[in-house]
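Have a look at final_31.pdb; it's PDB, C-alpha atoms and all ligand atoms:
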```pdb
ATOM      1  CA  MET Z 244     101.159  76.454 105.259
ATOM      2  CA  LYS Z 245     103.845  79.090 104.910
ATOM      3  CA  ILE Z 246     103.635  82.071 107.238
ATOM      4  CA  TYR Z 247     105.360  85.401 106.797
ATOM      5  CA  LEU Z 248     107.129  86.215 110.058
ATOM      6  CA  ASP Z 249     109.498  89.166 110.465
ATOM      7  CA  GLY Z 250     110.780  89.240 106.901
ATOM      8  CA  LYS Z 251     110.871  85.499 106.196
ATOM      9  CA  PHE Z 252     108.447  82.798 105.136
ATOM     10  CA  VAL Z 253     108.496  79.888 107.579
ATOM     11  CA  GLU Z 254     106.506  76.698 108.036
ATOM     12  CA  GLN Z 255     103.455  76.974 110.268
ATOM     13  CA  GLN Z 256     105.072  74.959 113.097
ATOM     14  CA  ASP Z 257     108.030  77.343 113.079
ATOM     15  CA  ALA Z 258     105.858  80.473 113.048
ATOM     16  CA  GLN Z 259     106.142  81.231 116.751
ATOM     17  CA  VAL Z 260     106.184  84.424 118.747
ATOM     18  CA  SER Z 261     107.757  84.934 122.155
ATOM     19  CA  VAL Z 262     105.797  84.775 125.416
ATOM     20  CA  PHE Z 263     107.413  88.179 126.049
ATOM     21  CA  ASP Z 264     105.728  89.679 122.978
ATOM     22  CA  HIS Z 265     103.529  92.543 124.159
ATOM     23  CA  GLY Z 266     100.927  91.589 121.558
ATOM     24  CA  LEU Z 267     100.322  88.526 123.729
ATOM     25  CA  LEU Z 268     101.064  90.038 127.148
ATOM     26  CA  TYR Z 269      98.920  93.165 126.696
ATOM     27  CA  GLY Z 270      97.054  92.985 123.385
ATOM     28  CA  ASP Z 271      99.429  95.745 122.351
ATOM     29  CA  GLY Z 272      99.379  95.710 118.578
ATOM     30  CA  VAL Z 273      97.234  96.245 115.501
ATOM     31  CA  PHE Z 274      95.871  94.044 112.752
ATOM     32  CA  GLU Z 275      93.818  93.756 109.589
ATOM     33  CA  GLY Z 276      91.617  91.010 108.173
ATOM     34  CA  ILE Z 277      91.610  91.187 104.378
ATOM     35  CA  ARG Z 278      89.773  89.192 101.706
ATOM     36  CA  VAL Z 279      91.165  87.668  98.539
ATOM     37  CA  TYR Z 280      88.666  87.157  95.709
ATOM     38  CA  HIS Z 281      89.515  85.532  92.380
ATOM     39  CA  GLY Z 282      93.249  86.007  92.905
ATOM     40  CA  ARG Z 283      92.996  89.676  93.877
ATOM     41  CA  ILE Z 284      93.348  91.287  97.274
ATOM     42  CA  PHE Z 285      90.229  93.362  97.879
ATOM     43  CA  ARG Z 286      90.767  96.971  98.993
ATOM     44  CA  LEU Z 287      94.328  96.274 100.139
ATOM     45  CA  GLU Z 288      95.260  99.933  99.968
ATOM     46  CA  GLN Z 289      92.457 100.932 102.339
ATOM     47  CA  HIS Z 290      93.365  98.126 104.746
ATOM     48  CA  LEU Z 291      97.000  99.263 104.776
ATOM     49  CA  ASP Z 292      95.957 102.882 105.301
ATOM     50  CA  ARG Z 293      93.835 101.838 108.274
ATOM     51  CA  LEU Z 294      96.661  99.679 109.650
ATOM     52  CA  TRP Z 295      99.019 102.650 109.439
ATOM     53  CA  ASP Z 296      96.449 104.904 111.149
ATOM     54  CA  SER Z 297      95.878 102.354 113.932
ATOM     55  CA  ALA Z 298      99.647 102.017 114.399
ATOM     56  CA  LYS Z 299     100.110 105.775 114.487
ATOM     57  CA  ALA Z 300      97.410 106.127 117.137
ATOM     58  CA  ILE Z 301      99.261 103.699 119.429
ATOM     59  CA  MET Z 302     102.713 105.110 118.561
ATOM     60  CA  LEU Z 303     103.851 101.933 116.850
ATOM     61  CA  LYS Z 304     106.176 102.287 113.898
ATOM     62  CA  ILE Z 305     105.581  99.602 111.287
ATOM     63  CA  PRO Z 306     109.056  98.476 110.214
ATOM     64  CA  LEU Z 307     108.143  98.062 106.525
ATOM     65  CA  SER Z 308     106.770 100.278 103.800
ATOM     66  CA  LYS Z 309     103.259  99.818 102.406
ATOM     67  CA  GLU Z 310     104.852  98.591  99.166
ATOM     68  CA  GLU Z 311     106.882  95.984 101.043
ATOM     69  CA  LEU Z 312     103.813  94.777 102.941
ATOM     70  CA  THR Z 313     101.802  94.654  99.700
ATOM     71  CA  ARG Z 314     104.487  92.424  98.175
ATOM     72  CA  ALA Z 315     104.569  90.221 101.289
ATOM     73  CA  CYS Z 316     100.764  89.797 101.247
ATOM     74  CA  CYS Z 317     100.829  88.797  97.564
ATOM     75  CA  GLU Z 318     103.690  86.394  98.180
ATOM     76  CA  ALA Z 319     101.866  84.838 101.156
ATOM     77  CA  CYS Z 320      98.875  84.164  98.880
ATOM     78  CA  ARG Z 321     101.050  82.726  96.103
ATOM     79  CA  LEU Z 322     103.030  80.419  98.406
ATOM     80  CA  ASN Z 323      99.824  79.034  99.906
ATOM     81  CA  ASN Z 324      97.876  78.996  96.667
ATOM     82  CA  VAL Z 325      95.216  81.296  98.068
ATOM     83  CA  ARG Z 326      93.047  82.657  95.242
ATOM     84  CA  ASP Z 327      89.961  82.996  97.427
ATOM     85  CA  GLY Z 328      90.621  83.398 101.091
ATOM     86  CA  TYR Z 329      91.549  85.584 103.969
ATOM     87  CA  ILE Z 330      94.725  87.373 104.982
ATOM     88  CA  ARG Z 331      95.436  88.180 108.616
ATOM     89  CA  LEU Z 332      98.078  90.875 108.872
ATOM     90  CA  VAL Z 333      99.342  91.530 112.395
ATOM     91  CA  VAL Z 334     101.872  93.979 113.812
ATOM     92  CA  THR Z 335     102.560  93.643 117.523
ATOM     93  CA  ARG Z 336     104.623  95.837 119.817
ATOM     94  CA  GLY Z 337     107.197  93.061 119.830
ATOM     95  CA  VAL Z 338     109.283  91.465 122.547
ATOM     96  CA  GLY Z 339     109.814  93.457 125.732
ATOM     97  CA  ASN Z 340     109.981  92.884 129.463
ATOM     98  CA  LEU Z 341     107.136  92.259 131.903
ATOM     99  CA  GLY Z 342     106.369  95.961 132.288
ATOM    100  CA  LEU Z 343     103.779  97.851 130.254
ATOM    101  CA  ASN Z 344     106.245 100.323 128.754
ATOM    102  CA  PRO Z 345     105.922  99.922 124.986
ATOM    103  CA  PHE Z 346     109.100 101.893 124.367
ATOM    104  CA  GLN Z 347     111.157  99.069 125.857
ATOM    105  CA  CYS Z 348     110.128  96.855 122.956
ATOM    106  CA  PRO Z 349     112.745  97.592 120.308
ATOM    107  CA  LYS Z 350     111.320  95.651 117.365
ATOM    108  CA  PRO Z 351     107.680  95.143 116.321
ATOM    109  CA  THR Z 352     106.681  91.625 115.313
ATOM    110  CA  VAL Z 353     105.058  91.381 111.880
ATOM    111  CA  PHE Z 354     103.262  88.317 110.607
ATOM    112  CA  ILE Z 355     100.947  87.444 107.750
ATOM    113  CA  ILE Z 356      98.708  84.398 107.515
ATOM    114  CA  ALA Z 357      97.055  83.679 104.159
ATOM    115  CA  ASP Z 358      94.405  81.035 104.675
ATOM    116  CA  THR Z 359      90.875  80.042 103.831
ATOM    117  CA  ILE Z 360      88.082  81.639 105.778
ATOM    118  CA  GLU Z 361      85.319  80.279 107.943
ATOM    119  CA  LEU Z 362      82.171  82.084 106.894
ATOM    120  CA  TYR Z 363      78.861  82.540 108.632
ATOM    121  CA  PRO Z 364      76.515  79.644 107.842
ATOM    122  CA  GLU Z 365      75.017  79.904 104.351
ATOM    123  CA  LYS Z 366      71.530  79.978 105.879
ATOM    124  CA  VAL Z 367      71.978  83.471 107.337
ATOM    125  CA  TYR Z 368      72.664  84.929 103.885
ATOM    126  CA  ARG Z 369      69.389  83.483 102.584
ATOM    127  CA  GLU Z 370      67.171  83.885 105.633
ATOM    128  CA  GLY Z 371      68.852  86.602 107.652
ATOM    129  CA  ILE Z 372      70.671  86.550 110.963
ATOM    130  CA  GLU Z 373      69.137  87.054 114.396
ATOM    131  CA  LEU Z 374      70.829  89.668 116.524
ATOM    132  CA  ILE Z 375      70.565  90.439 120.208
ATOM    133  CA  THR Z 376      71.657  93.590 121.986
ATOM    134  CA  ALA Z 377      74.550  92.869 124.312
ATOM    135  CA  ALA Z 378      74.522  94.170 127.874
ATOM    136  CA  THR Z 379      78.257  94.788 127.419
ATOM    137  CA  GLN Z 380      78.690  98.407 126.360
ATOM    138  CA  ARG Z 381      81.033  99.359 123.514
ATOM    139  CA  VAL Z 382      84.178 100.761 125.071
ATOM    140  CA  ASN Z 383      83.986 104.535 125.402
ATOM    141  CA  ALA Z 384      85.894 106.321 122.638
ATOM    142  CA  ALA Z 385      87.468 108.513 125.307
ATOM    143  CA  ALA Z 386      89.064 105.357 126.758
ATOM    144  CA  ILE Z 387      90.116 103.514 123.594
ATOM    145  CA  SER Z 388      89.096 104.785 120.179
ATOM    146  CA  PRO Z 389      87.027 102.103 118.418
ATOM    147  CA  SER Z 390      88.725 103.312 115.224
ATOM    148  CA  ILE Z 391      91.937 101.666 116.351
ATOM    149  CA  LYS Z 392      91.867  98.104 115.077
ATOM    150  CA  SER Z 393      93.943  96.757 117.933
ATOM    151  CA  LEU Z 394      94.670  93.277 119.236
ATOM    152  CA  ASN Z 395      92.635  94.116 122.325
ATOM    153  CA  TYR Z 396      89.248  92.550 121.488
ATOM    154  CA  LEU Z 397      87.978  91.628 124.961
ATOM    155  CA  ASN Z 398      85.195  94.219 124.779
ATOM    156  CA  ASN Z 399      83.903  92.577 121.606
ATOM    157  CA  ILE Z 400      84.507  89.048 122.883
ATOM    158  CA  LEU Z 401      82.418  89.720 126.013
ATOM    159  CA  ALA Z 402      79.532  90.765 123.749
ATOM    160  CA  LYS Z 403      80.132  87.768 121.458
ATOM    161  CA  ILE Z 404      79.821  85.463 124.486
ATOM    162  CA  GLU Z 405      76.419  87.004 125.177
ATOM    163  CA  ALA Z 406      75.339  86.377 121.576
ATOM    164  CA  ILE Z 407      76.377  82.740 121.721
ATOM    165  CA  HIS Z 408      74.664  82.210 125.088
ATOM    166  CA  ALA Z 409      71.512  83.713 123.589
ATOM    167  CA  GLY Z 410      71.656  81.118 120.808
ATOM    168  CA  THR Z 411      72.858  83.391 118.035
ATOM    169  CA  ILE Z 412      76.263  84.408 116.627
ATOM    170  CA  GLU Z 413      76.407  88.189 116.551
ATOM    171  CA  ALA Z 414      75.400  90.949 118.963
ATOM    172  CA  ILE Z 415      74.656  94.653 118.719
ATOM    173  CA  MET Z 416      76.754  96.851 120.973
ATOM    174  CA  LEU Z 417      75.481 100.179 122.295
ATOM    175  CA  ASN Z 418      77.735 103.025 123.325
ATOM    176  CA  HIS Z 419      77.742 104.775 126.721
ATOM    177  CA  ALA Z 420      74.896 107.075 125.539
ATOM    178  CA  GLY Z 421      72.715 104.139 124.516
ATOM    179  CA  TYR Z 422      73.137 104.631 120.780
ATOM    180  CA  VAL Z 423      73.921 101.722 118.486
ATOM    181  CA  ALA Z 424      77.675 101.542 117.779
ATOM    182  CA  GLU Z 425      78.215  98.337 115.797
ATOM    183  CA  CYS Z 426      78.334  94.565 116.234
ATOM    184  CA  THR Z 427      81.204  92.558 117.740
ATOM    185  CA  GLY Z 428      82.977  92.117 114.390
ATOM    186  CA  ASP Z 429      80.674  93.854 111.925
ATOM    187  CA  ASN Z 430      79.226  97.277 111.207
ATOM    188  CA  ILE Z 431      75.461  97.703 111.111
ATOM    189  CA  PHE Z 432      73.079  99.474 108.719
ATOM    190  CA  ILE Z 433      69.353 100.038 108.456
ATOM    191  CA  VAL Z 434      67.168 101.052 105.548
ATOM    192  CA  ARG Z 435      64.174 103.274 106.271
ATOM    193  CA  GLN Z 436      62.055 104.979 103.652
ATOM    194  CA  GLY Z 437      64.630 104.068 101.009
ATOM    195  CA  ARG Z 438      67.495 105.677 102.927
ATOM    196  CA  VAL Z 439      70.594 103.700 103.931
ATOM    197  CA  GLU Z 440      71.708 104.660 107.449
ATOM    198  CA  THR Z 441      74.607 103.646 109.678
ATOM    199  CA  PRO Z 442      75.950 104.994 112.969
ATOM    200  CA  PRO Z 443      78.704 107.598 112.699
ATOM    201  CA  VAL Z 444      82.185 106.580 113.719
ATOM    202  CA  SER Z 445      81.832 108.950 116.685
ATOM    203  CA  ASP Z 446      79.166 106.602 118.097
ATOM    204  CA  GLY Z 447      81.782 103.868 118.441
ATOM    205  CA  ALA Z 448      81.859 102.151 115.044
ATOM    206  CA  LEU Z 449      85.052 100.925 113.444
ATOM    207  CA  ILE Z 450      85.691 102.651 110.108
ATOM    208  CA  GLY Z 451      84.886  99.400 108.337
ATOM    209  CA  ILE Z 452      86.285  98.849 104.866
ATOM    210  CA  THR Z 453      83.090  97.013 103.921
ATOM    211  CA  ARG Z 454      81.072  99.839 105.513
ATOM    212  CA  ASN Z 455      82.842 102.296 103.208
ATOM    213  CA  VAL Z 456      82.182 100.066 100.189
ATOM    214  CA  ILE Z 457      78.463  99.929 101.059
ATOM    215  CA  LEU Z 458      78.267 103.706 101.414
ATOM    216  CA  GLU Z 459      79.910 104.027  97.953
ATOM    217  CA  LEU Z 460      77.662 101.411  96.348
ATOM    218  CA  ALA Z 461      74.497 102.917  97.824
ATOM    219  CA  VAL Z 462      75.396 106.305  96.313
ATOM    220  CA  LYS Z 463      76.117 104.608  92.964
ATOM    221  CA  LEU Z 464      72.701 102.934  93.115
ATOM    222  CA  GLY Z 465      71.135 106.346  93.658
ATOM    223  CA  LEU Z 466      70.149 105.645  97.268
ATOM    224  CA  PRO Z 467      70.359 108.420  99.847
ATOM    225  CA  VAL Z 468      72.812 107.590 102.657
ATOM    226  CA  ALA Z 469      73.246 109.033 106.144
ATOM    227  CA  GLU Z 470      75.557 108.525 109.093
ATOM    228  CA  THR Z 471      73.232 109.092 111.981
ATOM    229  CA  HIS Z 472      72.563 108.136 115.621
ATOM    230  CA  LEU Z 473      70.552 104.937 115.768
ATOM    231  CA  THR Z 474      68.706 103.530 118.755
ATOM    232  CA  ARG Z 475      67.512  99.962 119.377
ATOM    233  CA  TYR Z 476      64.043 101.268 118.542
ATOM    234  CA  ASP Z 477      65.297 102.489 115.153
ATOM    235  CA  LEU Z 478      66.625  99.009 114.387
ATOM    236  CA  MET Z 479      63.474  97.247 115.542
ATOM    237  CA  THR Z 480      61.237  99.459 113.410
ATOM    238  CA  ALA Z 481      63.496  99.674 110.336
ATOM    239  CA  ASP Z 482      62.304  98.454 106.933
ATOM    240  CA  GLU Z 483      65.567  96.552 106.483
ATOM    241  CA  CYS Z 484      68.719  95.895 108.463
ATOM    242  CA  PHE Z 485      72.040  94.315 107.534
ATOM    243  CA  ILE Z 486      75.541  93.922 108.921
ATOM    244  CA  THR Z 487      78.836  94.257 107.065
ATOM    245  CA  GLY Z 488      82.399  93.080 107.555
ATOM    246  CA  THR Z 489      85.353  91.661 105.695
ATOM    247  CA  ALA Z 490      84.551  88.126 106.805
ATOM    248  CA  ALA Z 491      80.755  88.474 106.801
ATOM    249  CA  GLU Z 492      80.496  90.606 103.647
ATOM    250  CA  ILE Z 493      76.809  91.620 103.836
ATOM    251  CA  VAL Z 494      74.414  89.648 105.993
ATOM    252  CA  PRO Z 495      70.692  90.492 106.097
ATOM    253  CA  VAL Z 496      69.264  90.815 109.613
ATOM    254  CA  ALA Z 497      66.003  88.918 110.169
ATOM    255  CA  LYS Z 498      65.408  89.768 113.824
ATOM    256  CA  VAL Z 499      66.671  92.175 116.454
ATOM    257  CA  ASP Z 500      65.941  91.136 120.039
ATOM    258  CA  CYS Z 501      63.193  88.810 118.789
ATOM    259  CA  ARG Z 502      61.454  91.522 116.701
ATOM    260  CA  PRO Z 503      61.276  90.664 112.988
ATOM    261  CA  ILE Z 504      62.782  93.377 110.789
ATOM    262  CA  GLY Z 505      60.311  94.371 108.077
ATOM    263  CA  ASP Z 506      58.596  91.122 107.139
ATOM    264  CA  GLY Z 507      61.478  89.110 108.597
ATOM    265  CA  GLN Z 508      62.972  88.386 105.153
ATOM    266  CA  PRO Z 509      66.087  89.937 103.564
ATOM    267  CA  GLY Z 510      65.045  93.340 102.191
ATOM    268  CA  VAL Z 511      65.046  94.445  98.567
ATOM    269  CA  ILE Z 512      67.731  97.101  99.006
ATOM    270  CA  THR Z 513      69.852  94.735 101.093
ATOM    271  CA  LEU Z 514      69.693  92.175  98.269
ATOM    272  CA  LYS Z 515      70.634  94.834  95.706
ATOM    273  CA  LEU Z 516      73.646  95.874  97.758
ATOM    274  CA  MET Z 517      74.697  92.236  98.219
ATOM    275  CA  GLU Z 518      74.601  91.763  94.445
ATOM    276  CA  ALA Z 519      76.494  95.007  93.746
ATOM    277  CA  PHE Z 520      79.101  93.978  96.314
ATOM    278  CA  ARG Z 521      79.541  90.574  94.706
ATOM    279  CA  LYS Z 522      80.066  92.204  91.320
ATOM    280  CA  LEU Z 523      82.683  94.551  92.730
ATOM    281  CA  THR Z 524      84.684  91.687  94.237
ATOM    282  CA  ARG Z 525      84.893  90.121  90.789
ATOM    283  CA  THR Z 526      86.519  93.155  89.195
ATOM    284  CA  GLU Z 527      88.576  94.939  91.846
ATOM    285  CA  GLY Z 528      91.765  94.287  93.767
ATOM    286  CA  VAL Z 529      95.521  93.920  93.742
ATOM    287  CA  PRO Z 530      96.446  90.788  91.728
ATOM    288  CA  VAL Z 531      98.517  88.318  93.764
ATOM    289  CA  GLY Z 532      99.894  86.650  90.637
ATOM    290  CA  LEU Z 533      98.106  83.314  90.733
TER     291      LEU Z 533
HETATM  292  N1  LIG W   1      83.627  96.338 113.575
HETATM  293  C1  LIG W   1      84.532  95.609 114.255
HETATM  294  C2  LIG W   1      84.633  95.754 115.719
HETATM  295  C3  LIG W   1      85.402  94.749 113.552
HETATM  296  O1  LIG W   1      86.311  94.043 114.220
HETATM  297  C4  LIG W   1      84.298  95.381 111.486
HETATM  298  C5  LIG W   1      83.495  96.243 112.232
HETATM  299  C6  LIG W   1      84.132  95.335 109.999
HETATM  300  O2  LIG W   1      85.206  96.045 109.375
HETATM  301  P1  LIG W   1      85.739  95.646 107.941
HETATM  302  O3  LIG W   1      86.861  96.570 107.712
HETATM  303  O4  LIG W   1      86.171  94.213 108.023
HETATM  304  O5  LIG W   1      84.618  95.833 107.009
HETATM  305  C7  LIG W   1      85.291  94.634 112.150
HETATM  306  C8  LIG W   1      86.224  93.721 111.417
HETATM  307  C9  LIG W   1      85.807  87.759 112.979
HETATM  308  C10 LIG W   1      86.600  89.014 112.864
HETATM  309  O6  LIG W   1      86.429  86.699 113.119
HETATM  310  C11 LIG W   1      85.987  90.160 112.429
HETATM  311  C12 LIG W   1      86.729  91.330 112.296
HETATM  312  C13 LIG W   1      88.019  91.314 112.632
HETATM  313  C14 LIG W   1      88.623  90.151 113.079
HETATM  314  C15 LIG W   1      87.914  88.982 113.183
HETATM  315  O7  LIG W   1      84.570  87.825 112.946
HETATM  316  N2  LIG W   1      86.001  92.384 111.857
END
```
Structure encoded using structure tokens:
Amino acid sequence: MKIYLDGKFVEQQDAQVSVFDHGLLYGDGVFEGIRVYHGRIFRLEQHLDRLWDSAKAIMLKIPLSKEELTRACCEACRLNNVRDGYIRLVVTRGVGNLGLNPFQCPKPTVFIIADTIELYPEKVYREGIELITAATQRVNAAAISPSIKSLNYLNNILAKIEAIHAGTIEAIMLNHAGYVAECTGDNIFIVRQGRVETPPVSDGALIGITRNVILELAVKLGLPVAETHLTRYDLMTADECFITGTAAEIVPVAKVDCRPIGDGQPGVITLKLMEAFRKLTRTEGVPVGL
């Protein structure tokens, strides 16, 4: 596998970053996970916009233009023959000393991995996933904005550990006020009385690219949408529930904290949105040239 690292493509075994890189020492950096469908990079522009926003929020200057990074992502796919897969695009603070000061790191590290993707088991798409609510609270937006897609994922990992110990693979995270924020690596939606609802970003949700696609598709399908506070009770009593993410796409939720959602089967509107999403991935995206 060829990896893009700081302007060059190198073999995987040579794609190494320093132990003094602040991405490793402090989780100081930003990233994107991006899907490639049928030889096209899905929503690349939106991913790059979010990467730039995340970088701006942490005062990190990305040392390439969006056009240059677009070309590098396409090239990474071509060199590795990735027509359907996953791109991990990472910009770290770069090499510095053992102090926190980010301004002593003169050069950000940029790397791109274009690979296949490990999906959730096929069963959860057919039968729905079981979610639990994590005891670990979503980090307060006043401490670290959940809109920043940073390399610091311990908050989410602590909740993921809870999910795995509970015998499932994804967990709901609540914010400091007790409202639903999102899952550890996915946004969350409910459907009630035909309306598609998701927590507002101010409740601690990442501005998910897939979340945005779902909001667009719901409007196109003539469904009312709302960004609104959601409680655990709202999830438990919803007609339908589903989670969204670049890796997950759209996964129906069968149970929340042991309560079946609706009749415990993937809901009608969820299935419609899954189908509309699949269609979109067949037609949209930046061609990689494969
Ligand atoms: N919330 C969080 C906290 C995320 O990390 C999403 C929502 C969904 O956003 P997008 O833009 O992908 O629709 C994410 C992104 C993984 C993994 O291995 C997941 C993400 C990032 C990195 C790894 O599950 N999810």
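Picked by the PyMOL selection byres (((chain Z and resi 425) around 10) and not hetatm) from the coordinates shown: Arg381, Pro389, Asn399, Ala414, Ile415, Met416, Leu417, Asn418, Tyr422, Val423, Ala424, Cys426, Thr427, Gly428, Asp429, Asn430, Ile431, Phe432, Thr441, Pro442, Pro443, Val444, Asp446, Gly447, Ala448, Leu449, Ile486 and Thr487 of chain Z.
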Distance query 10 Å from (102.7, 98.7, 114.1) using all atoms listed in the file, result as a PDB file with C-alpha atoms, in the coordinates of the input:
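Below is the file that was written, out.pdb:
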```
ATOM      1  CA  ASP Z 271      99.429  95.745 122.351  1.00  0.00           C
ATOM      2  CA  GLY Z 272      99.379  95.710 118.578  1.00  0.00           C
ATOM      3  CA  VAL Z 273      97.234  96.245 115.501  1.00  0.00           C
ATOM      4  CA  PHE Z 274      95.871  94.044 112.752  1.00  0.00           C
ATOM      5  CA  LEU Z 294      96.661  99.679 109.650  1.00  0.00           C
ATOM      6  CA  TRP Z 295      99.019 102.650 109.439  1.00  0.00           C
ATOM      7  CA  ASP Z 296      96.449 104.904 111.149  1.00  0.00           C
ATOM      8  CA  SER Z 297      95.878 102.354 113.932  1.00  0.00           C
ATOM      9  CA  ALA Z 298      99.647 102.017 114.399  1.00  0.00           C
ATOM     10  CA  LYS Z 299     100.110 105.775 114.487  1.00  0.00           C
ATOM     11  CA  ALA Z 300      97.410 106.127 117.137  1.00  0.00           C
ATOM     12  CA  ILE Z 301      99.261 103.699 119.429  1.00  0.00           C
ATOM     13  CA  MET Z 302     102.713 105.110 118.561  1.00  0.00           C
ATOM     14  CA  LEU Z 303     103.851 101.933 116.850  1.00  0.00           C
ATOM     15  CA  LYS Z 304     106.176 102.287 113.898  1.00  0.00           C
ATOM     16  CA  ILE Z 305     105.581  99.602 111.287  1.00  0.00           C
ATOM     17  CA  PRO Z 306     109.056  98.476 110.214  1.00  0.00           C
ATOM     18  CA  LEU Z 307     108.143  98.062 106.525  1.00  0.00           C
ATOM     19  CA  VAL Z 333      99.342  91.530 112.395  1.00  0.00           C
ATOM     20  CA  VAL Z 334     101.872  93.979 113.812  1.00  0.00           C
ATOM     21  CA  THR Z 335     102.560  93.643 117.523  1.00  0.00           C
ATOM     22  CA  ARG Z 336     104.623  95.837 119.817  1.00  0.00           C
ATOM     23  CA  GLY Z 337     107.197  93.061 119.830  1.00  0.00           C
ATOM     24  CA  LYS Z 350     111.320  95.651 117.365  1.00  0.00           C
ATOM     25  CA  PRO Z 351     107.680  95.143 116.321  1.00  0.00           C
ATOM     26  CA  THR Z 352     106.681  91.625 115.313  1.00  0.00           C
ATOM     27  CA  VAL Z 353     105.058  91.381 111.880  1.00  0.00           C
ATOM     28  CA  SER Z 393      93.943  96.757 117.933  1.00  0.00           C
TER      29      SER Z 393
END
```
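Going from CA of Gln380 in chain Z to CA of Ile360 in chain Z covers 28.2 Å.
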Which centre and which edge lengths, in Å to one decimal, describe the axis-aligned box that holds all listed atoms of ligand LIG 1 (chain W) after 4 Å is added on each side, as AutoDock Vina command-line options?
```
--center_x 86.1 --center_y 91.6 --center_z 111.4 --size_x 13.1 --size_y 17.9 --size_z 16.7
```
Would you kindly return, as number ranges by chain, each protein, DNA or RNA residue with an atom no farther than 6 Å from any atom of range 497-504 of chain Z, considering all atoms listed in the file and excluding same-chain residues fewer than 5 positions away? Z: 371-375
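Across the model, the gap from CA of Phe354 in chain Z to CA of Val279 in chain Z is 17.1 Å.
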Suppose a student applies the PyMOL selection byres (((chain Z and resi 287) around 12) and not hetatm) to this structure; what residues should they get, written as a PyMOL selection string? chain Z and resi 275-280+283-286+288-294+309-310+312-317+329-332+452-453+489+527-531
Could you please determine the separation between CA of Arg454 in chain Z and CA of Leu514 in chain Z in Å, to one decimal place? 15.5 Å
